[in-house]
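To start, the structure itself, in structure tokens.
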Amino acid sequence: MNIDDLRRILVECAGEDETGSLDGDILDVPFADLGYDSLALMETASRIKQEFGVVILDEDIATVETPRVLLGIVSGLANSPAAAA
């Protein structure tokens, strides 16, 4: 999963009209500043599970602050031995 995948999922989950702009370099912009609350991030985690098969625990998604951190979590989980099983 890359930043463009995440950008698309974020727009699908909450809509760009309801949030801040997702254009440009958003990797280190806090989700709160982008207009995404915990409910939108829970929906994002659900969509990531559907599309990429990566399960992000509720308590983990609740602590994610930026797109970079979320992409790191997804990458780490996708490459974990449990994901390959």
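Labels used: A, B, ... for chains in the order of the structure tokens, numbers from 1 for residues in each chain, and numbers from 1 for ligands as shown.
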
List the neighbours of Ala40 of chain A out to 9 Å using only C-alpha atoms; skip same-chain residues closer than 6 positions along the sequence, and give me the result as a compact mmCIF listing (two decimals) with C-alpha atoms, in the first residue's frame.
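In the end it all went to around-v3.txt:
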```
# COMPACT_ATOMS: atom_id res chain seq x y z
CA LEU A 10 -9.44 8.30 2.98
CA CYS A 13 -14.27 6.73 3.75
CA ALA A 14 -14.94 10.34 4.69
```

* Tell me, as a PyMOL selection string, which residues lie within 12 Å of Met42 of chain A, counting only C-alpha atoms; anything in the same chain fewer than 6 positions away does not count. => chain A and resi 9-10+13-14+36+48-49+55-64+70

* Could you write out, as JSON, numbers by chain, all the residues of chain A that DSSP marks as helix (DSSP H, G or I)? -> {"A": [3, 4, 5, 6, 7, 8, 9, 10, 11, 12, 13, 14, 16, 17, 18, 31, 32, 33, 34, 38, 39, 40, 41, 42, 43, 44, 45, 46, 47, 48, 49, 50, 51, 52, 58, 59, 60, 61, 67, 68, 69, 70, 71, 72, 73, 74, 75, 76, 77, 78, 81, 82, 83, 84]}

* Can you work out which one of A:Thr44, A:Gln50, A:Asn2, A:Ser38 has the shortest atom-to-atom distance to Gly72 of chain A, counting only C-alpha atoms? => A:Asn2

* Using only C-alpha atoms, find the one residue out of A:Leu22, A:Val11, A:Leu27, A:Ala32 that sits nearest to Arg68 of chain A. =>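 Closest candidate: A:Leu27.
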